[in-house]
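Engineer: Pasting input-v8.cif below, which is mmCIF, C-alpha atoms and all ligand atoms.
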```cif
data_entry
#
loop_
_atom_site.label_atom_id
_atom_site.label_comp_id
_atom_site.auth_asym_id
_atom_site.auth_seq_id
_atom_site.Cartn_x
_atom_site.Cartn_y
_atom_site.Cartn_z
CA MET A 1 42.09 -25.23 -71.79
CA PRO A 2 43.86 -22.83 -74.18
CA TYR A 3 47.62 -23.17 -74.68
CA ILE A 4 49.71 -20.64 -72.75
CA THR A 5 50.60 -17.30 -74.29
CA GLU A 6 52.21 -14.17 -72.92
CA GLU A 7 48.78 -12.57 -72.98
CA ASN A 8 46.73 -15.27 -71.25
CA ILE A 9 49.10 -16.69 -68.60
CA THR A 10 47.89 -14.36 -65.84
CA GLU A 11 44.22 -15.11 -66.34
CA ILE A 12 45.00 -18.85 -66.35
CA ALA A 13 47.21 -18.70 -63.22
CA LEU A 14 44.85 -16.56 -61.12
CA PRO A 15 42.01 -19.07 -60.63
CA ARG A 16 44.52 -21.79 -59.73
CA TRP A 17 45.97 -19.61 -56.99
CA GLY A 18 42.51 -18.64 -55.80
CA SER A 19 41.23 -22.21 -55.61
CA GLY A 20 42.00 -23.01 -51.95
CA ASP A 21 39.47 -23.19 -49.11
CA ASP A 22 41.00 -20.35 -47.08
CA PRO A 23 39.58 -17.09 -48.56
CA ARG A 24 42.32 -14.89 -47.12
CA ALA A 25 45.06 -17.16 -48.50
CA ALA A 26 43.29 -17.05 -51.89
CA GLU A 27 43.15 -13.25 -51.73
CA LEU A 28 46.84 -12.94 -50.82
CA LEU A 29 48.05 -15.45 -53.40
CA THR A 30 46.03 -14.15 -56.32
CA ALA A 31 47.08 -10.57 -55.56
CA LEU A 32 50.71 -11.73 -55.38
CA VAL A 33 50.50 -13.42 -58.80
CA ARG A 34 48.69 -10.43 -60.31
CA HIS A 35 51.30 -7.95 -59.04
CA LEU A 36 54.27 -10.18 -59.93
CA HIS A 37 53.06 -10.61 -63.48
CA ALA A 38 52.30 -6.89 -63.79
CA PHE A 39 55.80 -6.08 -62.50
CA ALA A 40 57.45 -8.44 -65.00
CA ARG A 41 55.40 -6.97 -67.84
CA GLU A 42 56.01 -3.37 -66.80
CA VAL A 43 59.80 -3.75 -66.70
CA GLN A 44 59.92 -6.43 -69.46
CA LEU A 45 61.94 -8.62 -67.08
CA ALA A 46 64.83 -10.33 -68.90
CA GLU A 47 65.83 -13.93 -68.14
CA ALA A 48 69.26 -12.83 -66.86
CA GLU A 49 67.57 -10.35 -64.50
CA TRP A 50 65.16 -13.04 -63.30
CA ALA A 51 68.14 -15.36 -62.61
CA ALA A 52 70.00 -12.62 -60.73
CA ALA A 53 66.93 -11.99 -58.55
CA ILE A 54 66.63 -15.72 -57.76
CA LYS A 55 70.33 -15.84 -56.81
CA TRP A 56 69.85 -12.79 -54.59
CA LEU A 57 66.95 -14.51 -52.79
CA VAL A 58 69.02 -17.68 -52.34
CA ARG A 59 71.93 -15.68 -50.88
CA THR A 60 69.54 -13.80 -48.61
CA GLY A 61 68.20 -17.11 -47.32
CA LYS A 62 71.65 -18.64 -46.90
CA ILE A 63 73.05 -15.75 -44.86
CA SER A 64 70.00 -15.79 -42.55
CA ASP A 65 69.82 -17.76 -39.33
CA GLU A 66 68.24 -17.34 -35.89
CA LYS A 67 70.55 -14.37 -35.24
CA ARG A 68 70.72 -12.77 -38.68
CA GLU A 69 67.38 -11.73 -40.15
CA GLU A 70 68.39 -10.64 -43.65
CA PHE A 71 64.82 -10.89 -44.99
CA ILE A 72 63.57 -8.54 -42.25
CA LEU A 73 66.35 -6.15 -43.24
CA ALA A 74 65.25 -6.41 -46.89
CA SER A 75 61.67 -5.63 -45.91
CA ASP A 76 62.87 -2.72 -43.77
CA VAL A 77 64.94 -1.01 -46.46
CA LEU A 78 62.20 -1.50 -49.06
CA GLY A 79 59.82 0.42 -46.78
CA LEU A 80 57.52 -2.61 -46.52
CA SER A 81 57.98 -3.10 -42.77
CA MET A 82 57.10 0.49 -41.96
CA LEU A 83 54.11 0.43 -44.32
CA VAL A 84 52.75 -2.67 -42.56
CA VAL A 85 53.46 -1.13 -39.12
CA GLN A 86 51.46 1.95 -40.05
CA MET A 87 48.52 0.03 -41.53
CA SER A 88 48.41 -2.30 -38.50
CA ASN A 89 48.72 0.15 -35.62
CA LYS A 90 46.08 2.84 -36.19
CA TRP A 91 45.95 4.06 -32.62
CA ASP A 92 44.69 7.09 -30.76
CA PRO A 93 47.01 10.00 -31.67
CA ALA A 94 47.87 10.30 -27.96
CA ALA A 95 49.36 6.78 -27.91
CA THR A 96 53.09 6.27 -28.40
CA PRO A 97 53.43 5.34 -32.09
CA ALA A 98 54.98 2.11 -33.28
CA THR A 99 57.97 1.78 -35.57
CA VAL A 100 60.02 -1.04 -37.10
CA LEU A 101 61.15 -4.06 -35.08
CA GLY A 102 64.33 -4.39 -37.13
CA PRO A 103 66.47 -7.50 -37.51
CA PHE A 104 68.35 -7.36 -34.19
CA HIS A 105 65.78 -8.11 -31.50
CA LEU A 106 66.63 -11.18 -29.40
CA ASP A 107 64.09 -13.07 -27.30
CA ARG A 108 64.54 -13.86 -23.63
CA SER A 109 66.45 -10.80 -22.46
CA PRO A 110 67.29 -10.94 -18.75
CA ASP A 111 65.01 -9.20 -16.24
CA ALA A 112 66.39 -5.97 -14.80
CA GLU A 113 65.42 -4.01 -11.68
CA TYR A 114 64.28 -0.37 -11.82
CA GLY A 115 67.30 1.67 -12.95
CA ALA A 116 69.60 -1.35 -13.40
CA ASP A 117 72.47 -0.93 -15.86
CA MET A 118 72.00 -2.95 -19.06
CA SER A 119 75.31 -1.61 -20.39
CA GLU A 120 77.59 -2.83 -17.60
CA GLY A 121 81.20 -3.04 -18.78
CA ILE A 122 80.47 -1.47 -22.17
CA PRO A 123 82.10 1.90 -22.90
CA GLY A 124 79.86 4.91 -23.44
CA ALA A 125 78.36 7.99 -21.82
CA PRO A 126 75.84 7.02 -19.09
CA LEU A 127 72.21 7.48 -20.08
CA TYR A 128 69.07 7.17 -17.95
CA ILE A 129 65.76 6.82 -19.76
CA HIS A 130 62.94 7.23 -17.30
CA GLY A 131 59.30 8.22 -17.03
CA VAL A 132 55.93 6.62 -16.64
CA VAL A 133 54.02 4.02 -18.63
CA ARG A 134 50.41 5.17 -18.77
CA ASP A 135 47.32 4.78 -20.90
CA ILE A 136 45.64 7.34 -23.15
CA ASP A 137 43.47 8.51 -20.20
CA GLY A 138 46.56 9.14 -18.09
CA LYS A 139 46.13 6.08 -15.86
CA PRO A 140 49.51 4.64 -14.78
CA VAL A 141 50.20 1.14 -16.07
CA GLY A 142 52.11 -0.92 -13.51
CA GLY A 143 53.56 -4.30 -14.46
CA ALA A 144 54.24 -3.31 -18.09
CA VAL A 145 57.29 -5.15 -19.42
CA LEU A 146 59.72 -2.95 -21.36
CA ASP A 147 62.07 -5.07 -23.46
CA VAL A 148 64.93 -2.70 -24.34
CA TRP A 149 67.84 -3.19 -26.78
CA GLN A 150 70.39 -1.04 -28.58
CA ALA A 151 73.67 -1.03 -30.49
CA ASP A 152 77.07 -0.29 -28.93
CA SER A 153 79.14 2.73 -29.88
CA ASP A 154 80.52 0.82 -32.91
CA GLY A 155 76.93 0.41 -34.12
CA LEU A 156 76.89 -3.31 -33.38
CA TYR A 157 74.12 -5.35 -31.74
CA GLU A 158 74.69 -8.45 -29.65
CA SER A 159 73.45 -10.67 -32.47
CA GLN A 160 76.27 -9.36 -34.69
CA LEU A 161 78.94 -10.39 -32.18
CA SER A 162 80.06 -13.66 -30.62
CA VAL A 163 79.24 -13.13 -26.96
CA ASP A 164 77.97 -15.47 -24.26
CA GLU A 165 76.05 -13.01 -22.09
CA ALA A 166 73.18 -10.66 -22.84
CA ARG A 167 74.70 -7.41 -24.11
CA LEU A 168 72.92 -4.04 -24.19
CA ARG A 169 69.51 -5.58 -23.71
CA ALA A 170 67.22 -6.19 -20.71
CA LYS A 171 63.60 -6.40 -19.66
CA TYR A 172 62.40 -3.79 -17.16
CA THR A 173 59.00 -3.85 -15.44
CA SER A 174 57.12 -0.65 -14.64
CA ARG A 175 56.37 -0.15 -10.93
CA GLU A 176 52.85 0.09 -9.53
CA ASP A 177 52.77 3.85 -10.20
CA GLY A 178 53.80 3.18 -13.83
CA SER A 179 57.35 4.47 -13.34
CA TYR A 180 60.28 2.87 -15.13
CA CYS A 181 63.99 3.63 -15.37
CA VAL A 182 66.57 2.19 -17.78
CA ARG A 183 70.29 2.77 -17.28
CA THR A 184 72.28 2.38 -20.47
CA ILE A 185 74.75 4.32 -22.65
CA VAL A 186 74.12 7.06 -25.20
CA PRO A 187 73.41 5.40 -28.58
CA PHE A 188 75.06 6.36 -31.86
CA GLY A 189 73.74 6.14 -35.41
CA TYR A 190 75.01 3.24 -37.52
CA GLY A 191 74.92 1.82 -41.02
CA ILE A 192 73.04 -1.33 -41.94
CA PRO A 193 75.31 -4.41 -42.29
CA ASP A 194 77.72 -4.02 -45.22
CA ASP A 195 78.48 -7.69 -45.80
CA GLY A 196 75.20 -9.04 -47.15
CA PRO A 197 72.83 -9.11 -50.12
CA VAL A 198 70.62 -6.31 -48.74
CA ARG A 199 73.52 -3.87 -48.67
CA GLU A 200 74.42 -4.95 -52.23
CA LEU A 201 70.91 -3.99 -53.28
CA VAL A 202 71.02 -0.64 -51.48
CA ASN A 203 74.42 0.02 -53.07
CA LEU A 204 72.72 0.06 -56.48
CA THR A 205 71.22 3.39 -55.34
CA ASN A 206 72.59 6.62 -53.93
CA MET A 207 70.44 6.49 -50.79
CA SER A 208 71.88 6.82 -47.29
CA THR A 209 72.62 3.49 -45.58
CA PHE A 210 72.37 4.95 -42.06
CA ARG A 211 69.97 4.88 -39.13
CA PRO A 212 69.80 7.79 -36.68
CA ALA A 213 70.84 7.14 -33.04
CA HIS A 214 68.09 5.33 -31.14
CA VAL A 215 67.15 2.87 -28.41
CA HIS A 216 64.57 0.12 -29.10
CA PHE A 217 61.57 -0.72 -26.90
CA LEU A 218 59.00 -3.50 -27.08
CA ILE A 219 56.36 -2.87 -24.41
CA GLU A 220 53.68 -5.30 -23.31
CA ALA A 221 51.00 -4.98 -20.63
CA PRO A 222 47.80 -7.00 -20.19
CA GLY A 223 44.80 -5.20 -21.71
CA TYR A 224 46.93 -2.96 -23.96
CA GLU A 225 48.24 -3.20 -27.50
CA ARG A 226 51.87 -4.31 -27.69
CA VAL A 227 54.00 -1.42 -28.90
CA ILE A 228 57.28 -1.87 -30.75
CA THR A 229 59.02 1.46 -30.95
CA HIS A 230 62.26 3.47 -30.62
CA LEU A 231 63.36 6.69 -28.99
CA PHE A 232 65.58 8.75 -31.31
CA ARG A 233 68.09 11.34 -30.16
CA GLU A 234 67.05 14.87 -31.13
CA GLY A 235 69.57 16.55 -33.45
CA THR A 236 71.31 13.31 -34.42
CA PRO A 237 72.26 12.85 -38.11
CA HIS A 238 69.94 10.92 -40.47
CA LEU A 239 66.63 11.70 -38.75
CA ASP A 240 65.46 12.93 -42.15
CA ASN A 241 66.75 10.02 -44.24
CA ASP A 242 66.60 6.92 -42.05
CA VAL A 243 67.31 3.99 -44.40
CA VAL A 244 64.34 2.06 -42.92
CA TYR A 245 61.83 4.96 -42.75
CA GLY A 246 61.38 4.47 -38.98
CA VAL A 247 61.40 8.04 -37.64
CA LYS A 248 58.23 9.66 -36.26
CA LYS A 249 58.26 13.10 -34.69
CA GLU A 250 56.70 11.86 -31.42
CA LEU A 251 59.68 9.53 -30.96
CA VAL A 252 62.42 12.17 -31.24
CA VAL A 253 63.48 13.13 -27.73
CA SER A 254 65.92 15.45 -26.09
CA PHE A 255 68.99 13.95 -24.39
CA VAL A 256 69.79 16.28 -21.48
CA GLU A 257 73.39 16.43 -20.26
CA ASN A 258 73.77 16.57 -16.46
CA GLU A 259 76.68 17.38 -14.15
CA PRO A 260 77.85 14.62 -11.78
CA GLY A 261 75.30 14.14 -9.00
CA PRO A 262 72.06 12.34 -8.16
CA THR A 263 70.66 10.11 -10.90
CA PRO A 264 67.03 9.24 -11.71
CA ASN A 265 67.37 5.73 -10.24
CA GLY A 266 68.17 7.18 -6.80
CA GLY A 267 71.93 6.70 -7.21
CA GLU A 268 74.80 9.10 -7.63
CA SER A 269 77.04 9.57 -10.67
CA ALA A 270 80.66 10.68 -10.32
CA GLU A 271 80.75 11.54 -14.03
CA PRO A 272 78.46 13.62 -16.24
CA PHE A 273 75.43 11.67 -17.46
CA PHE A 274 72.53 12.08 -19.87
CA THR A 275 68.83 11.77 -19.12
CA VAL A 276 65.77 11.29 -21.29
CA GLU A 277 62.39 11.72 -19.68
CA TYR A 278 59.66 10.02 -21.68
CA ASP A 279 56.20 8.69 -20.84
CA PHE A 280 55.09 5.72 -22.91
CA VAL A 281 51.35 5.95 -23.62
CA LEU A 282 49.63 2.63 -24.34
CA GLN A 283 46.62 2.03 -26.55
CA PRO A 284 43.92 -0.06 -24.82
CA GLN A 285 43.50 -3.38 -26.61
CA ARG A 286 40.90 -3.43 -29.36
CA PRO A 287 38.59 -6.43 -29.65
CA SER A 288 39.95 -8.74 -32.37
CA PRO A 289 37.75 -8.85 -35.49
CA ALA A 290 35.13 -11.63 -35.32
CA GLY A 291 36.44 -14.87 -36.74
CA ALA A 292 40.08 -13.66 -36.86
CA GLY A 293 42.64 -16.35 -36.11
CA ALA A 294 44.97 -16.19 -33.09
C1 LIG A 301 67.57 -1.46 -36.07
O1 LIG A 301 67.25 -0.40 -35.65
O2 LIG A 301 68.06 -2.23 -35.27
C2 LIG A 301 67.43 -1.75 -37.51
C3 LIG A 301 66.17 -1.68 -38.06
C4 LIG A 301 66.02 -1.97 -39.40
C5 LIG A 301 67.13 -2.30 -40.17
C6 LIG A 301 68.38 -2.34 -39.59
C7 LIG A 301 68.53 -2.06 -38.25
FE FE A 302 68.54 -0.27 -34.04
#
```
Kindly transcribe the structure held in the file into structure tokens.
Ligand code: BEZ
Ligand code: FE
Structural biologist:
Amino acid sequence: MPYITEENITEIALPRWGSGDDPRAAELLTALVRHLHAFAREVQLAEAEWAAAIKWLVRTGKISDEKREEFILASDVLGLSMLVVQMSNKWDPAATPATVLGPFHLDRSPDAEYGADMSEGIPGAPLYIHGVVRDIDGKPVGGAVLDVWQADSDGLYESQLSVDEARLRAKYTSREDGSYCVRTIVPFGYGIPDDGPVRELVNLTNMSTFRPAHVHFLIEAPGYERVITHLFREGTPHLDNDVVYGVKKELVVSFVENEPGPTPNGGESAEPFFTVEYDFVLQPQRPSPAGAGA
């Protein structure tokens, strides 16, 4: 074997990283080494810069836990999450498009009845999001589970606060005719967390650190592709410069202001309230490629 030089190290490393029995792992690892070496050569990476990057990764790991997903946030602001979302969800154009999951989703949200209020006790203008879950042929999809979550009017998610009970999140199930109704509060735009290594990185640029006002949905129904998406408020700031590249035109919806009176869940509001009417359109499940793992 030749001794290592700046010129030959990549060609020596590549076969080592491609030597495993799993062909996909070999493909991923060799491409990673190739691109890392090319990056270091292109920018002539200095030792001090290498050390700073390692420290940044360590800090990103240390600040992460089951509630704080700083690596997801890093992937989001780098545009990697949205690139992977788009490559992975090539659906019929009629289907509701997917967007980023983000770092603030929590598992096991409580079940909520049609039209139940997931914002109880939290200040904000009442908002009803309602419509039908259907498939691309227009067939209603009953029994779809809509896992919904959002930030409060300070831009904070439950996972950023110390609270004992589920806050601004719930799981709704579409009725037999596909109809669903979420009662919540009008969302506001917010900045990504300003106390961590990802924000430090973003602060080396002049880009916006904000997300436009939105509500998150993760929708699952047997026989259909899972869709992770948002609904954005039309006209809200930062639709054109979302820090995580998540906005798609199909997901920008009008928030209609209503006088006090009957609400979409069959109730009555004594105060003005907002409504969004939106049908989620699900992509029928595609057969998984032969030989693909679970
Ligand atoms: C969110 O919408 O919750 C979010 C997504 C990506 C980065 C930060 C926040
Ligand atoms: Fe969000």
Engineer: Please build the interface table for region 110-224 of chain A against region 81-102 of chain A with a cut-off of 9 Å, listing for each qualifying residue the nearest atom pair and the distance in Å to one decimal; count all atoms listed in the file, order rows by chain and increasing number, and write it as a Markdown table.
Structural biologist:
```
| residue | atom | partner | partner_atom | distance |
| --- | --- | --- | --- | --- |
| A:Asp135 | CA | A:Ala95 | CA | 7.6 |
| A:Ile136 | CA | A:Ala95 | CA | 6.1 |
| A:His216 | CA | A:Leu101 | CA | 8.1 |
| A:Phe217 | CA | A:Leu101 | CA | 8.8 |
| A:Leu218 | CA | A:Leu101 | CA | 8.3 |
```
Engineer: For ligand FE 302 (chain A), collect every residue having any atom at a distance of at most 8 Å from a ligand atom (counting all atoms listed in the file); output as a list in words.
Structural biologist: Gly102, Phe104, Trp149, Gln150, Ala151, Tyr157, Arg211, Ala213, His214, Val215 and His216 of chain A
Engineer: Pick from A:His105, A:Arg233, A:Lys139, A:Arg169: nearest to ligand LIG 301 (chain A), with only C-alpha atoms and all ligand atoms counted?
Structural biologist: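 The closest residue to ligand LIG 301 (chain A) is A:His105.
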Engineer: Between CA of Asp76 (chain A) and CA of Tyr245 (chain A), what is the spacing in Å?
Structural biologist: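 A separation of 7.8 Å between them.
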Engineer: Each side padded by 3 Å, which centre and which edge lengths in Å (one decimal) define the axis-aligned box around the listed atoms of ligand LIG 301 (chain A)? Give them as JSON.
Structural biologist:
```
{"center_x": 67.3, "center_y": -1.4, "center_z": -37.7, "size_x": 8.5, "size_y": 7.9, "size_z": 10.9}
```
Engineer: Looking at all atoms listed in the file, which of A:Val77, A:His230, A:Asp240, A:Ser254 is the one that sits closest to Pro193 (chain A)?
Structural biologist: A:Val77
Engineer: Using Å and a single decimal, report how far CA of Ser174 (chain A) sits from CA of Gln160 (chain A).
Structural biologist: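 Separation of CA of Gln160 (chain A) and CA of Ser174 (chain A): 29.1 Å.
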Engineer: Measuring atom to atom with only C-alpha atoms and all ligand atoms, identify which of A:Pro260, A:Gly246, A:Pro222, A:Pro284 is nearest to ligand LIG 301 (chain A).
Structural biologist: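 For ligand LIG 301 (chain A), the nearest of the candidates is A:Gly246.
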Engineer: Please determine, counting all atoms listed in the file, which residue among A:Met207, A:Ala48, A:Leu36, A:Val253 has the shortest atom-to-atom distance to Gly235 (chain A).
Structural biologist: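 Counting all atoms listed in the file, the residue closest to Gly235 (chain A) is A:Val253.
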Engineer: State, in Å with one decimal place, the distance from CA of Glu49 (chain A) to CA of Tyr3 (chain A).
Structural biologist: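 Interatomic distance, CA of Glu49 (chain A) to CA of Tyr3 (chain A): 25.8 Å.
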Engineer: Looking at A:Trp17, A:Pro272, A:Ile192, A:Ile9, which one is nearest to Ala38 (chain A), with distances taken over only C-alpha atoms?
Structural biologist: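 Under the stated criterion, the closest residue is A:Ile9.
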Engineer: Just give me the residues with any atom within 9 Å of (41.0, -2.1, -29.8), file coordinates, counting only C-alpha atoms, written as a tab-separated table (two decimals) with C-alpha atoms, keeping the file's coordinate frame.
Structural biologist:
```tsv
chain	number	residue	atom	x	y	z
A	91	TRP	CA	45.95	4.06	-32.62
A	224	TYR	CA	46.93	-2.96	-23.96
A	225	GLU	CA	48.24	-3.20	-27.50
A	283	GLN	CA	46.62	2.03	-26.55
A	284	PRO	CA	43.92	-0.06	-24.82
A	285	GLN	CA	43.50	-3.38	-26.61
A	286	ARG	CA	40.90	-3.43	-29.36
A	287	PRO	CA	38.59	-6.43	-29.65
A	288	SER	CA	39.95	-8.74	-32.37
```
